[in-house]
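work-v5.cif, holding mmCIF, C-alpha atoms:
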data_coords
loop_
_atom_site.label_atom_id
_atom_site.label_comp_id
_atom_site.auth_asym_id
_atom_site.auth_seq_id
_atom_site.Cartn_x
_atom_site.Cartn_y
_atom_site.Cartn_z
CA MET A 1 144.88 150.16 77.38
CA ARG A 2 141.95 147.83 77.21
CA GLN A 3 138.89 148.86 75.51
CA GLN A 4 135.83 148.59 77.65
CA SER A 5 132.63 147.56 76.05
CA PRO A 6 129.55 149.36 77.14
CA ARG A 7 127.36 147.31 79.46
CA SER A 8 124.24 146.12 77.88
CA ARG A 9 121.19 147.26 79.72
CA ARG A 10 118.32 144.93 80.25
CA SER A 11 115.02 146.10 79.05
CA PRO A 12 112.51 147.11 81.71
CA VAL A 13 110.23 144.21 80.64
CA ALA A 14 112.99 141.63 81.21
CA GLN A 15 113.79 143.17 84.60
CA MET A 16 110.10 143.06 85.62
CA LEU A 17 109.69 139.46 84.43
CA SER A 18 112.79 138.38 86.35
CA THR A 19 111.47 140.01 89.53
CA ILE A 20 108.04 138.39 89.15
CA LEU A 21 109.58 134.92 88.63
CA PHE A 22 111.85 135.37 91.65
CA VAL A 23 108.91 136.33 93.89
CA ALA A 24 106.86 133.39 92.54
CA ALA A 25 109.73 130.96 93.31
CA ILE A 26 109.89 132.24 96.90
CA GLY A 27 106.09 131.86 97.18
CA PHE A 28 106.18 128.26 95.93
CA ALA A 29 109.01 127.42 98.33
CA GLY A 30 107.03 128.91 101.21
CA ALA A 31 103.92 126.94 100.22
CA ALA A 32 105.94 123.71 100.03
CA ILE A 33 107.38 124.29 103.51
CA TYR A 34 103.92 125.07 104.89
CA LEU A 35 102.44 121.90 103.37
CA TRP A 36 105.36 119.83 104.65
CA TYR A 37 104.80 120.89 108.26
CA THR A 38 101.01 120.87 108.22
CA GLY A 39 100.55 117.73 106.12
CA ASP A 40 98.91 114.50 107.22
CA ASP A 41 100.83 112.94 110.10
CA ASN A 42 99.75 109.34 109.38
CA ASP A 43 102.68 106.98 109.59
CA GLY A 44 101.28 104.55 107.08
CA PRO A 45 98.42 103.68 104.83
CA GLU A 46 94.88 103.59 106.09
CA PRO A 47 93.92 100.27 107.65
CA PRO A 48 92.10 97.92 105.31
CA PRO A 49 88.34 97.82 105.63
CA ALA A 50 87.02 95.07 107.84
CA ALA A 51 86.36 91.97 105.84
CA GLU A 52 83.00 90.31 105.78
CA PRO A 53 83.04 86.61 106.67
CA GLY A 54 84.33 84.74 103.64
CA ASP A 55 85.79 87.87 101.99
CA ALA A 56 89.17 88.18 103.73
CA GLU A 57 92.15 89.33 101.71
CA LEU A 58 95.87 89.42 102.47
CA ALA A 59 95.63 93.00 103.78
CA ASN A 60 93.01 91.88 106.31
CA VAL A 61 95.28 89.07 107.50
CA VAL A 62 98.18 91.51 107.90
CA ALA A 63 95.95 93.89 109.85
CA VAL A 64 94.83 91.26 112.39
CA LEU A 65 98.39 89.95 112.79
CA GLN A 66 99.77 93.47 113.28
CA SER A 67 97.17 94.19 115.94
CA ASP A 68 99.06 91.70 118.16
CA GLU A 69 102.60 92.03 116.73
CA SER A 70 103.39 95.17 114.72
CA ASP A 71 106.48 93.71 113.01
CA TRP A 72 104.55 91.45 110.61
CA ASP A 73 105.28 92.50 107.04
CA TYR A 74 104.81 91.37 103.45
CA GLY A 75 107.51 89.02 102.18
CA ARG A 76 110.20 90.39 99.89
CA THR A 77 111.67 87.22 98.33
CA ASN A 78 110.06 83.91 97.40
CA THR A 79 106.72 85.58 97.98
CA THR A 80 104.59 82.58 97.05
CA ALA A 81 104.56 78.90 97.92
CA ARG A 82 102.77 75.85 96.65
CA SER A 83 101.43 73.34 99.11
CA SER A 84 101.14 69.65 98.49
CA GLN A 85 97.64 69.84 100.01
CA PHE A 86 96.09 73.06 98.63
CA SER A 87 95.50 74.00 95.00
CA GLN A 88 96.03 77.75 95.29
CA PRO A 89 99.40 79.35 96.13
CA GLY A 90 100.16 80.84 99.52
CA GLN A 91 101.34 84.42 99.88
CA LEU A 92 104.27 85.21 102.17
CA LEU A 93 104.23 87.31 105.33
CA THR A 94 107.29 87.60 107.55
CA LEU A 95 108.10 88.27 111.19
CA GLY A 96 111.87 88.56 111.39
CA ASP A 97 113.16 85.27 110.00
CA VAL A 98 109.87 83.41 110.50
CA ASN A 99 107.62 82.90 107.47
CA LEU A 100 103.85 82.66 107.37
CA TYR A 101 102.12 81.59 104.16
CA VAL A 102 98.52 82.74 103.68
CA PHE A 103 96.24 80.63 101.48
CA ILE A 104 93.08 82.48 100.45
CA PHE A 105 90.23 80.36 99.15
CA ALA A 106 88.04 81.50 96.27
CA GLY A 107 84.43 80.87 95.35
CA ASN A 108 81.40 82.59 93.87
CA THR A 109 79.94 83.58 97.24
CA PRO A 110 81.37 84.07 100.73
CA GLU A 111 79.68 80.82 101.76
CA ASP A 112 81.43 79.00 98.90
CA ARG A 113 84.81 80.41 99.96
CA ILE A 114 84.28 79.36 103.58
CA ALA A 115 83.15 75.90 102.45
CA ALA A 116 86.26 75.55 100.26
CA ARG A 117 88.47 76.46 103.22
CA GLU A 118 86.62 74.03 105.53
CA GLU A 119 87.01 71.23 102.98
CA ALA A 120 90.75 71.93 102.71
CA VAL A 121 91.13 72.01 106.51
CA ALA A 122 89.33 68.66 106.87
CA SER A 123 91.92 66.93 104.69
CA ALA A 124 94.99 69.00 105.68
CA ASP A 125 97.84 67.48 107.66
CA PRO A 126 100.58 70.00 108.55
CA ALA A 127 102.93 67.17 109.60
CA GLY A 128 102.82 65.68 106.09
CA MET A 129 102.59 68.95 104.16
CA GLU A 130 105.32 69.99 101.75
CA LEU A 131 105.79 73.64 100.78
CA LYS A 132 107.74 74.56 97.68
CA THR A 133 108.63 77.71 95.79
CA PRO A 134 107.13 78.09 92.31
CA SER A 135 110.43 76.78 90.93
CA GLY A 136 110.11 73.62 93.06
CA GLU A 137 112.62 74.32 95.84
CA PRO A 138 111.49 73.02 99.24
CA ILE A 139 110.55 75.55 101.90
CA GLY A 140 111.11 74.97 105.59
CA GLU A 141 112.47 71.44 105.41
CA GLY A 142 112.79 70.00 108.90
CA GLN A 143 110.80 72.82 110.49
CA THR A 144 107.47 72.38 112.19
CA LEU A 145 104.46 73.71 110.30
CA HIS A 146 101.62 75.25 112.31
CA MET A 147 98.20 75.77 110.74
CA ALA A 148 95.56 78.35 111.67
CA HIS A 149 92.33 79.06 109.78
CA ASN A 150 89.19 81.17 109.75
CA SER A 151 86.88 82.81 107.22
CA ASN A 152 88.27 81.91 103.77
CA VAL A 153 91.91 81.80 104.93
CA ILE A 154 94.38 79.13 106.03
CA THR A 155 97.80 80.15 107.31
CA ILE A 156 100.85 77.93 107.57
CA LEU A 157 103.56 79.14 109.96
CA VAL A 158 106.97 77.74 109.03
CA GLY A 159 109.03 77.28 112.16
CA GLY A 160 108.60 79.57 115.10
CA ASP A 161 107.82 78.46 118.62
CA GLN A 162 104.50 77.36 120.08
CA ALA A 163 103.89 80.81 121.61
CA LEU A 164 104.09 82.42 118.17
CA ALA A 165 101.88 79.70 116.67
CA ASP A 166 99.30 80.38 119.41
CA GLN A 167 99.51 84.12 118.77
CA VAL A 168 98.93 83.61 115.03
CA GLU A 169 95.99 81.31 115.76
CA GLU A 170 94.42 83.92 118.07
CA SER A 171 94.92 86.66 115.49
CA ILE A 172 93.43 84.60 112.67
CA ALA A 173 90.46 83.72 114.94
CA ALA A 174 89.71 87.47 115.04
CA LEU A 175 89.51 87.55 111.24
CA GLN A 176 85.99 87.81 109.87
#
Now that the file is in, can you turn its structure into structure tokens?
Amino acid sequence: MRQQSPRSRRSPVAQMLSTILFVAAIGFAGAAIYLWYTGDDNDGPEPPPAAEPGDAELANVVAVLQSDESDWDYGRTNTTARSSQFSQPGQLLTLGDVNLYVFIFAGNTPEDRIAAREEAVASADPAGMELKTPSGEPIGEGQTLHMAHNSNVITILVGGDQALADQVEESIAALQ
């Protein structure tokens, strides 16, 4: 015959503590479910603040492009390009397999930034422009480059049809 050991009894303090922790866990789970269903229903980040003329940033460019075509997004690979005609690098935005490089001009004042962009536009020639990755690989060889500009921003659309180029130009014209 097997010898049975007496069951150890938990102390009343341990039993009370276990009950309190169990009730607290249920309360936290209920609060989490409540917050999940009543939380903010925004599907994305807040829109960027409107830029003042000469103070546009990449987020402002994305916002004006997305107002006409919601599928514009930040680039994931080869996110910058160097132009043979601009000193600063361009930042990549994509629409499907079409790339748009955004060149943002700097200066001490908004007027200086706009003047720097205007000077670059005056000497820019999209037909003769070369875009390269930081490692020197050519971008968009054989594709037509379309330029649009406003505020302190120049965009170069690599490829795409004329309708898309016109849409980008209209969007960028709305940029402050």
Handout entry: Residues selected by the PyMOL selection byres ((chain A and resi 146-153) around 9), written as a PyMOL selection string
Key = chain A and resi 52-58+61+102-106+110-118+121+125-127+144-145+154-160+162+165-166+168-170+172-176
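Reported to one decimal place, the separation of CA of Thr19 in chain A from CA of Ile33 in chain A is 21.4 Å.
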Handout entry: Counting only C-alpha atoms, the residue of A:Ile139, A:Ala124, A:Val13, A:Val64 that sits nearest Thr80 in chain A
Key =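 Closest to Thr80 in chain A, using only C-alpha atoms: A:Ile139.
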Handout entry: Distance in Å - CA of Arg76 in chain A versus CA of Glu141 in chain A
Key =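 Atom-to-atom, CA of Arg76 in chain A to CA of Glu141 in chain A, that is 19.9 Å.
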Evaluate the PyMOL selection byres ((chain A and resi 84) around 12) and record the selected residues as a tab-separated table (two decimals) with C-alpha atoms, keeping the file's coordinate frame, following the chain and residue labels used in the document.
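For reference, out31.tsv as written:
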chain	number	residue	atom	x	y	z
A	81	ALA	CA	104.56	78.90	97.92
A	82	ARG	CA	102.77	75.85	96.65
A	83	SER	CA	101.43	73.34	99.11
A	85	GLN	CA	97.64	69.84	100.01
A	86	PHE	CA	96.09	73.06	98.63
A	87	SER	CA	95.50	74.00	95.00
A	88	GLN	CA	96.03	77.75	95.29
A	89	PRO	CA	99.40	79.35	96.13
A	90	GLY	CA	100.16	80.84	99.52
A	120	ALA	CA	90.75	71.93	102.71
A	123	SER	CA	91.92	66.93	104.69
A	124	ALA	CA	94.99	69.00	105.68
A	125	ASP	CA	97.84	67.48	107.66
A	126	PRO	CA	100.58	70.00	108.55
A	127	ALA	CA	102.93	67.17	109.60
A	128	GLY	CA	102.82	65.68	106.09
A	129	MET	CA	102.59	68.95	104.16
A	130	GLU	CA	105.32	69.99	101.75
A	131	LEU	CA	105.79	73.64	100.78
A	132	LYS	CA	107.74	74.56	97.68
A	133	THR	CA	108.63	77.71	95.79
A	136	GLY	CA	110.11	73.62	93.06
A	138	PRO	CA	111.49	73.02	99.24
A	139	ILE	CA	110.55	75.55	101.90
Fill in the blank from the handout: Atom pair CA of Arg10 in chain A + CA of Ala25 in chain A, distance 21.0 Å
Problem - Selected residue, from A:Met16, A:Leu35, A:Leu164, A:Leu93, that lies nearest to Asn78 in chain A when counting all atoms listed in the file - result: A:Leu93
Problem - Residue nearest Thr79 in chain A among A:Gln15, A:Ser135, A:Ser171, A:Asn60 (counting only C-alpha atoms) - result: A:Ser135
Exercise for the section: Choose the residue, out of A:Tyr74, A:Ala32, A:Gln143, A:Ala122, that has the smallest atom-to-atom separation from Tyr101 in chain A; count all atoms listed in the file. Expected result: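 Closest to Tyr101 in chain A of all the choices is A:Tyr74.
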Output requested as a compact mmCIF listing (two decimals), in the coordinates of the input - range 152-163 of chain A, filled out with N, CA and C atoms.
# COMPACT_ATOMS: atom_id res chain seq x y z
N ASN A 152 87.86 82.60 104.99
CA ASN A 152 88.27 81.91 103.77
C ASN A 152 89.79 81.79 103.69
N VAL A 153 90.46 81.74 104.86
CA VAL A 153 91.91 81.80 104.93
C VAL A 153 92.48 80.64 105.75
N ILE A 154 93.56 80.06 105.25
CA ILE A 154 94.38 79.13 106.03
C ILE A 154 95.78 79.71 106.03
N THR A 155 96.41 79.71 107.21
CA THR A 155 97.80 80.15 107.31
C THR A 155 98.66 78.98 107.74
N ILE A 156 99.87 78.94 107.19
CA ILE A 156 100.85 77.93 107.57
C ILE A 156 102.09 78.67 108.06
N LEU A 157 102.38 78.54 109.35
CA LEU A 157 103.56 79.14 109.96
C LEU A 157 104.70 78.15 109.83
N VAL A 158 105.79 78.59 109.23
CA VAL A 158 106.97 77.74 109.03
C VAL A 158 107.95 78.04 110.15
N GLY A 159 108.13 77.08 111.03
CA GLY A 159 109.03 77.28 112.16
C GLY A 159 108.36 78.09 113.24
N GLY A 160 109.15 78.80 113.99
CA GLY A 160 108.60 79.57 115.10
C GLY A 160 108.29 78.66 116.27
N ASP A 161 108.12 79.25 117.43
CA ASP A 161 107.82 78.46 118.62
C ASP A 161 106.31 78.35 118.83
N GLN A 162 105.92 77.59 119.82
CA GLN A 162 104.50 77.36 120.08
C GLN A 162 103.79 78.65 120.49
N ALA A 163 104.49 79.53 121.20
CA ALA A 163 103.89 80.81 121.61
C ALA A 163 103.51 81.65 120.38
